[in-house]
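See below for the structure under consideration.
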Amino acid sequence: MFRLAAGCVNLAEAGRYDDLVAVQEQRKLDARKLRADFPIFEQRIHGKPLAYLDSAVTSQKPRQMLDAMRDFYETSYANVHRGVYTLSERATEAFEGARDKLRVLVNAPASREVIFVRNATEALNLVAYAWGLNNLGPGDLVVVTELEHHSNFVPWQYVTKKTGAGFRMIPLTERGELDLGSLDEIARGGDVKVVANNLVSNALGTVNPVERLAEWAHAQGAVMVVDAAQAAPHRRIDVQALGCDFLAFSAHKMCGPSGVGALWGRAELLEAMEPFNLGGHMIRSVRFEGTTWGDLPHKFEAGTSPIAEAVAFGAAVDYLEEIGLDAIEDYEHELVAYALGRLAEVPGVTAYGPPPERRAGIVSFNVEGIHPHDVAQVLDMDGVAIRAGHHCCQPLMARLGVAATNRASFYLYTVPEEIDRLVEGLHKVRKVFG
């Protein structure tokens, strides 16, 4: 029988898309057509077609982005903002054009508020160090959640120990959603200065009420820091509507290259912050007596930027915008509902998280009596790639009472047959381990 656990959803309630034809008719996104854009799906794994169900950790790459990156290297590569010759001017235009695409993507008021970084982790560390170290002290509180990825948990934990500030955590309900009823009690413990929360949980897929948290944070006089690494690839983001003060995301989860991400921050906050890294492009003037910093965004972009990667990031954004982020979100809701229904058929499976209408395309689960790594290895022999581990969310795993989970995550190129193969593989796993 299907067994419920703390934080899990009753899969019977999720329902099952028994009529796949009806599901296909409702789609605004043609995943089968889009798969042709991704060269990686042309190969076979252990003689089987690749079913890549690990897009939450990183996405696969379309030809359109790969071609844009190769073309830039072949025709336009030079350092940016440092030359008056044609190649440098061409590279600078492409680099800054990518920045403006990101501004439009998140509806930021100005391009200078968009900082290129290596990834969302570096973006969140930038805020923790450059804002947190200079604005936190004894009596202050940093509030995170039990759902956070380590990248939006550990930097704040570290900075509070350095500054003497307090560190608090918003707990979860039994459904894997934030217990906002705890906020008043948390606020009584000190002066709340930072609220840090992911928009979408990378482990459970929970879509969090960032707008409500931002309103509460500002009522306390705090800044709202949003980890959007798991949200930006899958749904429309509007920083002005969210009401946040900082927002971090990465290219590699968005059909873009690794090695580049972005931090958006309110200009008045960024201007008041100290730099995170020093040297190279972020310098205005250097004298023996002292050094001054450049204007935004360059103040936070030390050294040679990830130029080609940033240009390819812009190309990936073009690709997603052409498909439509709303269409991607709607399609993933269909996939996750279908997946939860299919998983309910497998005896001994426990799934974690909220109902499908309140989550993104992520399903974490365990098979009773079988370690997640064993599950993932058996599935790999059939060409099915899933994640097994704590997903950089060890506080959440402790809340669920497990050391690790299996995680299947979906994207615009996922098709229902891959979910069927996952379920068939789980039946095989149970047979193998008896």
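Lettering and numbering for the structure tokens are positional, with chains as A, B, ... in the shown order, residues counted from 1 in each chain, and ligands counted from 1 in the shown order.
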Give me, as a PyMOL selection string, all polymer residues having an atom no more than 9 Å from Asn406 in chain A, counting only C-alpha atoms and skipping those fewer than 4 positions away in the same chain.
chain A and resi 363-367+371-373+375-376+386-390
For Glu309 in chain A, list every protein, DNA or RNA residue within 12 Å, evaluated using only C-alpha atoms, and leave out those in the same chain fewer than 4 positions away; present the list as number ranges by chain.
A: 65-66, 68-73, 77, 91, 94-95, 98-99, 116-119, 250-252, 255-262, 304-305, 313-316
According to DSSP computed on the backbone, where in range 73-270 of chain A is there alpha helix (DSSP H)? Give the residues as a PyMOL selection string.
chain A and resi 73-75+86-106+120-127+133-135+154-163+183-187+210-219+239-242+267-270
At a cut-off of 7 Å, using only C-alpha atoms, what residues contact Val423 in chain A? Leave out same-chain residues fewer than 3 positions from it and give the result as a PDB file with C-alpha atoms, in the first residue's frame.
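Below you can see part14.pdb, which holds the result:
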```pdb
ATOM      1  CA  ARG A 342       1.535   7.167 -11.643  1.00  0.00           C
ATOM      2  CA  LEU A 343       3.724   6.936  -8.533  1.00  0.00           C
ATOM      3  CA  ILE A 419       7.477   9.253 -16.446  1.00  0.00           C
ATOM      4  CA  ASP A 420       6.018   5.887 -17.483  1.00  0.00           C
ATOM      5  CA  LEU A 426      10.503   1.465  -9.863  1.00  0.00           C
ATOM      6  CA  HIS A 427       8.597  -1.789 -10.234  1.00  0.00           C
TER       7      HIS A 427
END
```
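If you count only C-alpha atoms and ignore residues fewer than 5 places along the chain from range 28-33 of chain A, what sits within 9 Å of it is A:Ile323, A:Gly324, A:Ala327, A:Ile328, A:Asp330, A:Tyr331, A:Tyr411, A:Leu412, A:Tyr413, A:Thr414, A:Val415.
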Got a sec: who's within 7 Å of Cys393 in chain A, counting only C-alpha atoms, leaving out chain neighbours fewer than 4 positions off, as a list in words?
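Selected residues are Glu148, His149, His150 and Met397 of chain A.
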Which residues come within 12 Å of range 80-85 of chain A, counting only C-alpha atoms, excluding same-chain residues fewer than 3 positions away, as a list in words?
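Here the answer would be Ser76, Tyr77, Ser88, Glu89, Arg90, Ala91, Thr92, Glu93, Ala94, Phe95, Glu96, Gly280, His281, Met282, His298, Glu301, Gly303, Thr304, Ser305, Pro306, Ile307, Ala308, Ala310 and Val311 of chain A.
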Under the rule that only C-alpha atoms are counted, which of A:Gln377, A:Ala408, A:Glu174, A:Pro356 is the nearest residue to His391 in chain A?
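Nearest candidate to His391 in chain A out of A:Gln377, A:Ala408, A:Glu174, A:Pro356: A:Ala408.
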How close does each residue of range 15-104 of chain A get to range 238-247 of chain A, giving the shortest atom pair and distance in Å to one decimal for every residue with an atom at most 12 Å away, counting only C-alpha atoms, sorted by chain and residue number, as a Markdown table?
```
| residue | atom | partner | partner_atom | distance |
| --- | --- | --- | --- | --- |
| A:Leu102 | CA | A:Asp238 | CA | 11.2 |
| A:Arg103 | CA | A:Val239 | CA | 9.8 |
| A:Val104 | CA | A:Asp238 | CA | 9.1 |
```
Suppose we keep N, CA, C and O atoms; can you now write the selection as a PDB file, in the first residue's frame?
```
ATOM      1  N   LEU A 102      18.058  40.087 -19.404  1.00  0.00           N
ATOM      2  CA  LEU A 102      17.764  39.631 -18.047  1.00  0.00           C
ATOM      3  C   LEU A 102      16.917  40.652 -17.299  1.00  0.00           C
ATOM      4  O   LEU A 102      16.040  40.285 -16.507  1.00  0.00           O
ATOM      5  N   ARG A 103      17.192  41.922 -17.543  1.00  0.00           N
ATOM      6  CA  ARG A 103      16.348  42.967 -16.930  1.00  0.00           C
ATOM      7  C   ARG A 103      14.898  42.781 -17.330  1.00  0.00           C
ATOM      8  O   ARG A 103      13.996  42.818 -16.486  1.00  0.00           O
ATOM      9  N   VAL A 104      14.668  42.569 -18.627  1.00  0.00           N
ATOM     10  CA  VAL A 104      13.298  42.376 -19.109  1.00  0.00           C
ATOM     11  C   VAL A 104      12.706  41.101 -18.534  1.00  0.00           C
ATOM     12  O   VAL A 104      11.531  41.067 -18.147  1.00  0.00           O
TER      13      VAL A 104
END
```
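Among the candidates A:Phe276, A:Tyr338, A:Trp156, A:Phe288, the residue lying nearest to Leu141 in chain A is A:Trp156 (atoms considered: only C-alpha atoms).
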Any idea what's packed within 12 Å of Ala219 in chain A, counting only C-alpha atoms, ignoring anything in its chain fewer than 2 positions away? Could you give it as a list in words?
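Here the qualifying residues turn out to be Leu183, Asp184, Ala187, Asp191, Val192, Lys193, Val194, Val195, Arg212, Leu213, Ala214, Glu215, Trp216, Ala217, Gly221, Ala222, Val223, Met224 and Gly243 of chain A.
Proximity of A:Pro49, A:Pro354, A:Gly348, A:Gly164 to Glu368 in chain A, computed with only C-alpha atoms, is greatest for A:Gly348.
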Secondary structure check, strand (DSSP E) residues of range 122-162 of chain A, as a list in words:
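Answer for range 122-162 of chain A, restricted to strand (DSSP E): Asp140, Leu141, Val142, Val143, Val144 and Thr145 of chain A.
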Write out, as a compact mmCIF listing (two decimals), in the first residue's frame, the residues just selected, with C-alpha atoms.
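Resulting contents of selection-v9.txt:
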```txt
# COMPACT_ATOMS: atom_id res chain seq x y z
CA ASP A 140 19.14 41.46 14.87
CA LEU A 141 17.57 38.40 13.26
CA VAL A 142 18.06 36.65 9.95
CA VAL A 143 15.06 34.49 9.05
CA VAL A 144 15.39 31.59 6.61
CA THR A 145 13.08 28.65 6.00
```
